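Undergrad: Provided below: entry.cif, containing mmCIF, C-alpha atoms.
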data_protein
#
loop_
_atom_site.label_atom_id
_atom_site.label_comp_id
_atom_site.auth_asym_id
_atom_site.auth_seq_id
_atom_site.Cartn_x
_atom_site.Cartn_y
_atom_site.Cartn_z
CA MET K 1144 -48.06 -11.40 20.45
CA SER K 1145 -48.51 -15.11 21.29
CA THR K 1146 -45.73 -17.43 22.44
CA GLN K 1147 -45.99 -19.41 19.21
CA GLU K 1148 -45.57 -16.25 17.10
CA LYS K 1149 -42.55 -15.31 19.21
CA GLU K 1150 -40.99 -18.73 18.72
CA ILE K 1151 -41.50 -18.53 14.97
CA THR K 1152 -39.99 -15.06 14.87
CA THR K 1153 -36.90 -16.14 16.81
CA GLU K 1154 -36.51 -19.26 14.71
CA SER K 1155 -36.87 -17.24 11.54
CA LYS K 1156 -34.20 -14.83 12.72
CA LEU K 1157 -31.84 -17.71 13.46
CA LYS K 1158 -32.48 -19.25 10.05
CA ALA K 1159 -31.92 -15.89 8.35
CA LEU K 1160 -28.69 -15.31 10.26
CA TYR K 1161 -27.43 -18.77 9.37
CA GLU K 1162 -28.26 -18.24 5.70
CA LEU K 1163 -26.52 -14.88 5.86
CA GLN K 1164 -23.51 -16.64 7.37
CA LEU K 1165 -23.49 -19.18 4.51
CA VAL K 1166 -23.72 -16.42 1.89
CA ASP K 1167 -20.95 -14.38 3.54
CA THR K 1168 -18.77 -17.48 3.74
CA LYS K 1169 -19.23 -18.01 -0.01
CA ILE K 1170 -18.20 -14.41 -0.63
CA ASP K 1171 -15.15 -14.95 1.59
CA GLU K 1172 -14.22 -18.03 -0.44
CA LEU K 1173 -14.38 -16.04 -3.67
CA ARG K 1174 -12.13 -13.39 -2.16
CA VAL K 1175 -9.68 -16.08 -1.09
CA LEU K 1176 -9.40 -17.03 -4.77
CA GLN K 1177 -7.79 -13.63 -5.28
CA GLY K 1178 -5.12 -14.69 -2.80
CA GLU K 1179 -2.44 -12.11 -2.12
CA LEU K 1180 -2.86 -10.49 -5.54
CA PRO K 1181 -4.71 -7.33 -4.41
CA GLY K 1182 -2.05 -6.62 -1.79
CA GLU K 1183 0.76 -7.43 -4.22
CA VAL K 1184 -0.74 -5.15 -6.88
CA LYS K 1185 -1.02 -2.31 -4.36
CA ASP K 1186 2.54 -2.80 -3.07
CA MET K 1187 3.96 -2.98 -6.59
CA GLY K 1188 2.00 0.11 -7.61
CA ASP K 1189 3.40 1.97 -4.60
CA GLU K 1190 6.90 0.78 -5.49
CA VAL K 1191 6.59 2.06 -9.07
CA GLU K 1192 5.33 5.43 -7.81
CA GLY K 1193 8.24 5.55 -5.38
CA LEU K 1194 10.69 4.86 -8.20
CA LYS K 1195 9.11 7.61 -10.30
CA THR K 1196 9.51 10.04 -7.41
CA ARG K 1197 13.12 8.95 -7.06
CA LEU K 1198 13.67 9.51 -10.79
CA THR K 1199 12.27 13.03 -10.52
CA ASN K 1200 14.60 13.77 -7.60
CA ILE K 1201 17.61 12.41 -9.50
CA GLU K 1202 16.73 14.49 -12.57
CA ASN K 1203 16.51 17.61 -10.39
CA GLU K 1204 19.90 16.79 -8.84
CA ILE K 1205 21.39 16.34 -12.33
CA LYS K 1206 20.05 19.75 -13.35
CA ASP K 1207 21.59 21.32 -10.23
CA ILE K 1208 24.97 19.68 -10.92
CA GLU K 1209 24.89 20.79 -14.57
CA THR K 1210 24.09 24.34 -13.44
CA GLN K 1211 27.03 24.32 -11.02
CA LEU K 1212 29.31 22.90 -13.72
CA SER K 1213 28.27 25.68 -16.06
CA GLU K 1214 28.89 28.29 -13.38
CA LYS K 1215 32.37 26.94 -12.66
CA ARG K 1216 33.25 26.93 -16.35
CA VAL K 1217 32.13 30.55 -16.61
CA GLN K 1218 34.23 31.39 -13.53
CA MET K 1219 37.26 29.78 -15.19
CA GLN K 1220 36.70 31.80 -18.35
CA ASN K 1221 36.38 34.98 -16.32
CA ALA K 1222 39.55 34.13 -14.40
CA ASP K 1223 41.43 33.50 -17.64
CA ALA K 1224 40.20 36.82 -18.97
CA GLN K 1225 41.29 38.55 -15.77
CA ILE K 1226 44.75 36.96 -15.96
CA ALA K 1227 45.13 38.12 -19.56
CA ARG K 1228 44.06 41.64 -18.59
CA TYR K 1229 46.45 41.74 -15.59
CA LYS K 1230 49.36 40.51 -17.70
CA GLU K 1231 48.65 43.20 -20.25
CA GLN K 1232 48.58 45.78 -17.45
CA GLN K 1233 51.96 44.53 -16.20
CA ASN K 1234 53.45 45.74 -19.45
CA ASN K 1235 52.43 49.29 -18.60
CA VAL K 1236 53.21 49.53 -14.87
CA ARG K 1237 55.12 52.49 -13.51
CA ASN K 1238 56.77 50.81 -10.56
CA ASN K 1239 57.51 47.48 -8.91
CA ARG K 1240 54.70 47.89 -6.42
CA GLU K 1241 52.08 47.98 -9.18
CA TYR K 1242 53.76 44.99 -10.85
CA ASP K 1243 53.73 42.98 -7.61
CA ASN K 1244 50.07 43.80 -6.99
CA LEU K 1245 49.16 42.62 -10.46
CA THR K 1246 51.24 39.47 -9.92
CA LYS K 1247 49.29 38.72 -6.75
CA GLU K 1248 46.02 39.22 -8.64
CA ILE K 1249 47.21 36.82 -11.34
CA GLU K 1250 48.18 34.24 -8.70
CA PHE K 1251 44.79 34.63 -7.04
CA GLN K 1252 43.00 34.09 -10.35
CA GLN K 1253 45.19 31.05 -11.01
CA LEU K 1254 44.13 29.64 -7.63
CA GLU K 1255 40.53 30.34 -8.58
CA ILE K 1256 41.06 28.37 -11.80
CA GLU K 1257 42.59 25.46 -9.88
CA LEU K 1258 39.67 25.48 -7.45
CA CYS K 1259 37.21 25.57 -10.34
CA GLN K 1260 39.02 22.69 -12.01
CA LYS K 1261 38.79 20.69 -8.80
CA LYS K 1262 35.08 21.45 -8.44
CA ILE K 1263 34.44 20.66 -12.11
CA LYS K 1264 36.09 17.27 -11.61
CA GLU K 1265 34.00 16.60 -8.50
CA PHE K 1266 30.82 17.70 -10.22
CA GLY K 1267 31.72 15.60 -13.24
CA LEU K 1268 32.08 12.48 -11.12
CA ALA K 1269 28.83 13.29 -9.28
CA LEU K 1270 27.09 13.82 -12.63
CA GLU K 1271 28.29 10.44 -13.90
CA THR K 1272 27.06 8.77 -10.72
CA ARG K 1273 23.64 10.40 -10.84
CA GLN K 1274 23.29 9.68 -14.57
CA ALA K 1275 24.03 6.02 -13.84
CA ASP K 1276 21.46 6.13 -11.04
CA LYS K 1277 18.98 7.67 -13.47
CA ALA K 1278 19.56 4.95 -16.05
CA LYS K 1279 19.17 2.21 -13.43
CA THR K 1280 16.02 3.80 -12.01
CA ILE K 1281 14.48 4.03 -15.47
CA THR K 1282 15.28 0.34 -16.02
CA ASP K 1283 13.79 -0.53 -12.61
CA ILE K 1284 10.62 1.42 -13.44
CA GLU K 1285 10.26 -0.37 -16.78
CA GLU K 1286 10.81 -3.81 -15.24
CA ARG K 1287 8.53 -3.21 -12.24
CA THR K 1288 5.84 -1.73 -14.50
CA ILE K 1289 5.89 -4.91 -16.59
CA ASP K 1290 5.54 -7.01 -13.42
CA LEU K 1291 2.77 -4.73 -12.16
CA ASN K 1292 0.83 -5.01 -15.42
CA GLN K 1293 1.12 -8.80 -15.32
CA LYS K 1294 -0.16 -8.91 -11.73
CA ARG K 1295 -2.99 -6.54 -12.60
CA ALA K 1296 -3.94 -8.74 -15.55
CA GLU K 1297 -3.98 -11.80 -13.28
CA LEU K 1298 -6.15 -10.00 -10.74
CA ASN K 1299 -8.51 -8.68 -13.40
CA ASP K 1300 -8.93 -12.19 -14.82
CA ILE K 1301 -9.87 -13.55 -11.39
CA LEU K 1302 -12.19 -10.61 -10.72
CA ALA K 1303 -13.87 -11.13 -14.09
CA GLU K 1304 -14.42 -14.81 -13.28
CA THR K 1305 -15.90 -14.15 -9.85
CA ARG K 1306 -17.53 -10.72 -10.27
CA GLU K 1307 -20.94 -11.96 -11.40
CA GLN K 1308 -21.10 -14.63 -8.71
CA THR K 1309 -19.97 -12.16 -6.06
CA GLU K 1310 -22.59 -9.61 -7.12
CA VAL K 1311 -25.34 -12.23 -6.94
CA LEU K 1312 -24.22 -13.31 -3.47
CA MET K 1313 -23.94 -9.74 -2.20
CA ALA K 1314 -27.45 -9.00 -3.46
CA ARG K 1315 -28.70 -12.14 -1.70
CA ALA K 1316 -26.93 -11.07 1.50
CA GLN K 1317 -28.78 -7.75 1.43
CA GLU K 1318 -32.09 -9.53 0.95
CA VAL K 1319 -31.42 -11.88 3.86
CA GLU K 1320 -30.33 -9.00 6.11
CA ALA K 1321 -33.68 -7.34 5.48
CA THR K 1322 -35.53 -10.45 6.70
CA VAL K 1323 -33.73 -10.44 10.07
CA GLN K 1324 -35.69 -7.35 11.16
CA ASP K 1325 -33.55 -6.93 14.25
CA ASP K 1326 -30.88 -4.25 13.98
CA ARG K 1327 -29.23 -5.10 17.29
CA LEU K 1328 -28.96 -8.78 16.39
CA LEU K 1329 -27.65 -7.97 12.93
CA THR K 1330 -25.07 -5.58 14.39
CA ALA K 1331 -23.99 -8.27 16.85
CA PHE K 1332 -23.70 -10.77 14.01
CA LYS K 1333 -21.44 -8.46 12.02
CA ARG K 1334 -19.31 -7.67 15.07
CA ILE K 1335 -18.85 -11.35 15.92
CA ARG K 1336 -18.05 -12.17 12.31
CA LYS K 1337 -15.49 -9.38 12.09
CA ASN K 1338 -13.70 -10.53 15.25
CA ALA K 1339 -13.84 -14.24 14.43
CA ARG K 1340 -10.65 -15.55 12.83
CA ASN K 1341 -12.55 -17.68 10.30
CA GLY K 1342 -15.39 -15.21 9.83
CA LEU K 1343 -17.96 -17.54 11.41
CA ALA K 1344 -20.55 -15.77 13.56
CA VAL K 1345 -23.23 -18.49 13.46
CA VAL K 1346 -22.25 -22.12 14.03
CA SER K 1347 -24.09 -25.32 14.79
CA VAL K 1348 -23.54 -27.65 17.70
CA GLU K 1349 -21.24 -30.47 16.58
CA ARG K 1350 -20.64 -33.52 18.78
CA ASP K 1351 -21.94 -31.68 21.83
CA ALA K 1352 -19.50 -28.82 21.24
CA CYS K 1353 -19.46 -25.34 19.70
CA GLY K 1354 -18.77 -25.60 15.98
CA GLY K 1355 -16.56 -22.51 16.22
CA CYS K 1356 -14.31 -22.93 19.26
CA HIS K 1357 -15.07 -26.65 19.93
CA ASN K 1358 -15.68 -26.12 23.62
CA LYS K 1359 -18.17 -28.47 25.29
CA ILE K 1360 -21.78 -27.26 25.56
CA PRO K 1361 -23.85 -28.46 28.56
CA ALA K 1362 -26.83 -30.74 27.80
CA GLN K 1363 -29.39 -28.25 29.17
CA ARG K 1364 -27.97 -25.50 26.93
CA GLN K 1365 -28.15 -27.80 23.94
CA LEU K 1366 -31.81 -28.42 24.73
CA ASP K 1367 -32.43 -24.66 24.80
CA ILE K 1368 -30.70 -24.33 21.44
CA ARG K 1369 -32.86 -27.06 19.89
CA GLN K 1370 -36.02 -25.35 21.11
CA ARG K 1371 -35.11 -22.25 19.07
CA LYS K 1372 -36.97 -19.96 21.45
CA LYS K 1373 -34.15 -17.46 21.92
CA VAL K 1374 -30.77 -16.52 20.52
CA ILE K 1375 -28.07 -18.36 22.45
CA VAL K 1376 -24.37 -17.62 22.16
CA CYS K 1377 -21.36 -19.73 23.08
CA GLU K 1378 -20.12 -18.69 26.51
CA TYR K 1379 -16.52 -19.21 25.36
CA CYS K 1380 -16.27 -17.57 21.93
CA GLY K 1381 -19.49 -15.56 21.74
CA ARG K 1382 -20.68 -17.12 18.46
CA ILE K 1383 -24.40 -17.56 17.87
CA LEU K 1384 -25.38 -21.24 18.21
CA ILE K 1385 -27.95 -23.23 16.24
CA ASP K 1386 -28.86 -26.89 16.38
CA PRO K 1387 -27.54 -29.38 13.79
CA GLU K 1388 -31.00 -29.91 12.31
CA MET K 1389 -31.35 -26.23 11.43
CA ALA K 1390 -27.90 -26.27 9.84
CA ALA K 1391 -28.88 -29.31 7.77
CA GLU K 1392 -32.13 -27.66 6.67
CA ASN K 1393 -30.43 -24.49 5.48
CA LYS K 1394 -27.73 -24.91 2.88
CA ILE K 1395 -26.74 -23.04 -0.25
CA ASP K 1396 -24.90 -24.29 -3.31
#
Once you've parsed the file, please lay out its structure as structure tokens.
TA:
Amino acid sequence: MSTQEKEITTESKLKALYELQLVDTKIDELRVLQGELPGEVKDMGDEVEGLKTRLTNIENEIKDIETQLSEKRVQMQNADAQIARYKEQQNNVRNNREYDNLTKEIEFQQLEIELCQKKIKEFGLALETRQADKAKTITDIEERTIDLNQKRAELNDILAETREQTEVLMARAQEVEATVQDDRLLTAFKRIRKNARNGLAVVSVERDACGGCHNKIPAQRQLDIRQRKKVIVCEYCGRILIDPEMAAENKID
């Protein structure tokens, strides 16, 4: 391969990378139009699901309380029945000892009734509290679902507006990537772009400085950049550097 062919190949790669940078920047700008909506929609969706889980837990707790209430009421009925039976037996006792034993049984059942009454009161208050929690949670779910649907509608509107343009740009990005024909360089480009705060992996020299980090570039290095014979990166930020003329020659709408 001749030196001239090598220079053309390197220059072509630089031009392709810069065009890819311009296309990716356009895609980034379209995503910025979405703002915080995708994150907000996800967070609100998670919140609604969390509220639904909470509602299910509350409903299970209500069922448990109602079961315990029912059991205590049955215990009270059984205790009342026992008391009635013991009192009837007292009418047929043969001695004071039998009478006293039955009296103790009656007193025990009366204590059981008092304990059941206390528990029924406690369960009743707990049931009221959990039913109020259930009603509030249902209201929260309804309100947050309305908000979520509104946010989703906003996001869908923006996506509808930008989807076609984004698809065109992404298709163009794939085409440009194919023209680079240098996997290592393309991988480096993507790595630099991912790590760069503003997503810029290829920048031009501006006022004798790197267009990304704005650090001064020595005159000899600028000359090397203008010759376009090899890929040169900024020694400070690692971005790929091109000369201003190349940047001016390669623009997209």
Undergrad: Residues of stretch 1277-1377 of chain K that approach stretch 1199-1207 of chain K to 12 Å or less, counting only C-alpha atoms: could you list each one with the shortest pair of atoms and its distance in Å to one decimal, rows by chain and increasing residue number, as JSON lines?
TA:
{"residue": "K:Lys1277", "atom": "CA", "partner": "K:Ile1201", "partner_atom": "CA", "distance": 6.3}
{"residue": "K:Ala1278", "atom": "CA", "partner": "K:Ile1201", "partner_atom": "CA", "distance": 10.1}
{"residue": "K:Lys1279", "atom": "CA", "partner": "K:Ile1201", "partner_atom": "CA", "distance": 11.0}
{"residue": "K:Thr1280", "atom": "CA", "partner": "K:Ile1201", "partner_atom": "CA", "distance": 9.1}
{"residue": "K:Ile1281", "atom": "CA", "partner": "K:Thr1199", "partner_atom": "CA", "distance": 10.5}
Undergrad: Taking the point (-21.9, -26.9, 23.3) as given in the file, collect each protein or nucleic acid residue that comes within 12 Å of it, counting only C-alpha atoms, and present the set as a ChimeraX atom specification.
TA: /K:1346-1369,1375-1387
Undergrad: Please dump the current selection as a PDB file, keeping the file's coordinate frame; keep C-alpha atoms.
TA:
ATOM      1  CA  VAL K1346     -22.250 -22.120  14.030  1.00  0.00           C
ATOM      2  CA  SER K1347     -24.090 -25.320  14.790  1.00  0.00           C
ATOM      3  CA  VAL K1348     -23.540 -27.650  17.700  1.00  0.00           C
ATOM      4  CA  GLU K1349     -21.240 -30.470  16.580  1.00  0.00           C
ATOM      5  CA  ARG K1350     -20.640 -33.520  18.780  1.00  0.00           C
ATOM      6  CA  ASP K1351     -21.940 -31.680  21.830  1.00  0.00           C
ATOM      7  CA  ALA K1352     -19.500 -28.820  21.240  1.00  0.00           C
ATOM      8  CA  CYS K1353     -19.460 -25.340  19.700  1.00  0.00           C
ATOM      9  CA  GLY K1354     -18.770 -25.600  15.980  1.00  0.00           C
ATOM     10  CA  GLY K1355     -16.560 -22.510  16.220  1.00  0.00           C
ATOM     11  CA  CYS K1356     -14.310 -22.930  19.260  1.00  0.00           C
ATOM     12  CA  HIS K1357     -15.070 -26.650  19.930  1.00  0.00           C
ATOM     13  CA  ASN K1358     -15.680 -26.120  23.620  1.00  0.00           C
ATOM     14  CA  LYS K1359     -18.170 -28.470  25.290  1.00  0.00           C
ATOM     15  CA  ILE K1360     -21.780 -27.260  25.560  1.00  0.00           C
ATOM     16  CA  PRO K1361     -23.850 -28.460  28.560  1.00  0.00           C
ATOM     17  CA  ALA K1362     -26.830 -30.740  27.800  1.00  0.00           C
ATOM     18  CA  GLN K1363     -29.390 -28.250  29.170  1.00  0.00           C
ATOM     19  CA  ARG K1364     -27.970 -25.500  26.930  1.00  0.00           C
ATOM     20  CA  GLN K1365     -28.150 -27.800  23.940  1.00  0.00           C
ATOM     21  CA  LEU K1366     -31.810 -28.420  24.730  1.00  0.00           C
ATOM     22  CA  ASP K1367     -32.430 -24.660  24.800  1.00  0.00           C
ATOM     23  CA  ILE K1368     -30.700 -24.330  21.440  1.00  0.00           C
ATOM     24  CA  ARG K1369     -32.860 -27.060  19.890  1.00  0.00           C
ATOM     25  CA  ILE K1375     -28.070 -18.360  22.450  1.00  0.00           C
ATOM     26  CA  VAL K1376     -24.370 -17.620  22.160  1.00  0.00           C
ATOM     27  CA  CYS K1377     -21.360 -19.730  23.080  1.00  0.00           C
ATOM     28  CA  GLU K1378     -20.120 -18.690  26.510  1.00  0.00           C
ATOM     29  CA  TYR K1379     -16.520 -19.210  25.360  1.00  0.00           C
ATOM     30  CA  CYS K1380     -16.270 -17.570  21.930  1.00  0.00           C
ATOM     31  CA  GLY K1381     -19.490 -15.560  21.740  1.00  0.00           C
ATOM     32  CA  ARG K1382     -20.680 -17.120  18.460  1.00  0.00           C
ATOM     33  CA  ILE K1383     -24.400 -17.560  17.870  1.00  0.00           C
ATOM     34  CA  LEU K1384     -25.380 -21.240  18.210  1.00  0.00           C
ATOM     35  CA  ILE K1385     -27.950 -23.230  16.240  1.00  0.00           C
ATOM     36  CA  ASP K1386     -28.860 -26.890  16.380  1.00  0.00           C
ATOM     37  CA  PRO K1387     -27.540 -29.380  13.790  1.00  0.00           C
TER      38      PRO K1387
END
Undergrad: Using only C-alpha atoms, list the residues that have an atom at most 12 Å from (-13.6, -17.4, -4.0), coordinates as in the file, as a list of chain:residue names.
TA: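 Checking each residue against the 12 Å limit leaves K:Val1166, K:Asp1167, K:Thr1168, K:Lys1169, K:Ile1170, K:Asp1171, K:Glu1172, K:Leu1173, K:Arg1174, K:Val1175, K:Leu1176, K:Gln1177, K:Gly1178, K:Ile1301, K:Leu1302, K:Ala1303, K:Glu1304, K:Thr1305, K:Arg1306, K:Glu1307, K:Gln1308, K:Thr1309, K:Leu1312.
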Undergrad: Would you mind listing what lies within 8 Å of stretch 1332-1334 of chain K as a list in words, with only C-alpha atoms counted and same-chain residues fewer than 6 positions away left out?
TA: Leu1160, Ala1344, Val1345 and Ile1383 of chain K
Undergrad: Could you tell me how far atom CA of K:Leu1343 sits from atom CA of K:Glu1388, in Å to one decimal place?
TA: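 Atom CA of K:Leu1343 lies at a distance of 18.0 Å from atom CA of K:Glu1388.
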Undergrad: Quick check, in Å to one decimal: how far apart do atom CA of K:Gln1225 and atom CA of K:Leu1254 lie?
TA: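 Atom-to-atom, atom CA of K:Gln1225 to atom CA of K:Leu1254, that is 12.4 Å.
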Undergrad: Could you state which residues are captured by the PyMOL selection byres ((chain K and resi 1191) around 9) in this file, as an NGL selection string?
TA: :K and (1186-1190 or 1192-1196 or 1283-1285 or 1287-1288 or 1291)
Undergrad: What is the atom CA of K:Val1374 to atom CA of K:Arg1315 distance in Å?
TA: 22.7 Å
Undergrad: Select, from K:Gln1370, K:Ser1213, K:Thr1153, K:Asn1341, the residue with the minimum atom-to-atom distance to K:Asp1325, counting all atoms listed in the file.
TA: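 For K:Asp1325, the nearest of the candidates is K:Thr1153.
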Undergrad: Which residues are close to stretch 1239-1251 of chain K, i.e. within 8 Å by all atoms listed in the file, leaving aside same-chain residues fewer than 5 positions away? Reply as a list of chain:residue names.
TA: K:Gln1225, K:Ile1226, K:Tyr1229, K:Lys1230, K:Gln1232, K:Gln1233
Undergrad: Suppose a student applies the PyMOL selection byres ((chain K and resi 1215) around 10) to this structure; what residues should they get, written as a tab-separated table (two decimals) with C-alpha atoms, in the frame of the given file?
TA:
chain	number	residue	atom	x	y	z
K	1209	GLU	CA	24.89	20.79	-14.57
K	1210	THR	CA	24.09	24.34	-13.44
K	1211	GLN	CA	27.03	24.32	-11.02
K	1212	LEU	CA	29.31	22.90	-13.72
K	1213	SER	CA	28.27	25.68	-16.06
K	1214	GLU	CA	28.89	28.29	-13.38
K	1216	ARG	CA	33.25	26.93	-16.35
K	1217	VAL	CA	32.13	30.55	-16.61
K	1218	GLN	CA	34.23	31.39	-13.53
K	1219	MET	CA	37.26	29.78	-15.19
K	1220	GLN	CA	36.70	31.80	-18.35
K	1221	ASN	CA	36.38	34.98	-16.32
K	1255	GLU	CA	40.53	30.34	-8.58
K	1256	ILE	CA	41.06	28.37	-11.80
K	1258	LEU	CA	39.67	25.48	-7.45
K	1259	CYS	CA	37.21	25.57	-10.34
K	1260	GLN	CA	39.02	22.69	-12.01
K	1261	LYS	CA	38.79	20.69	-8.80
K	1262	LYS	CA	35.08	21.45	-8.44
K	1263	ILE	CA	34.44	20.66	-12.11
K	1266	PHE	CA	30.82	17.70	-10.22
Undergrad: Each side padded by 8 Å, which centre and which edge lengths in Å (one decimal) define the axis-aligned box around the listed atoms of stretch 1222-1241 of chain K? Give them as AutoDock Vina command-line options.
TA:
--center_x 48.5 --center_y 43.0 --center_z -13.3 --size_x 34.0 --size_y 35.0 --size_z 29.8
Undergrad: Using all atoms listed in the file, which of K:Thr1152, K:Glu1162, K:Leu1198, K:Asn1393 sits nearest K:Asp1276?
TA: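 The closest residue to K:Asp1276 is K:Leu1198.
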Undergrad: Kindly indicate which residue among K:Ile1208, K:Thr1330, K:Val1319, K:Pro1181 lies nearest to K:Leu1268, using all atoms listed in the file for the distances.
TA: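 Smallest distance to K:Leu1268 is found for K:Ile1208.
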Undergrad: Taking all atoms listed in the file into account, name the residue in K:Thr1322, K:Asn1292, K:Asn1338, K:Asn1238 that is nearest to K:Ala1159.
TA: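 Checking each candidate against K:Ala1159, we get K:Thr1322 as the closest.
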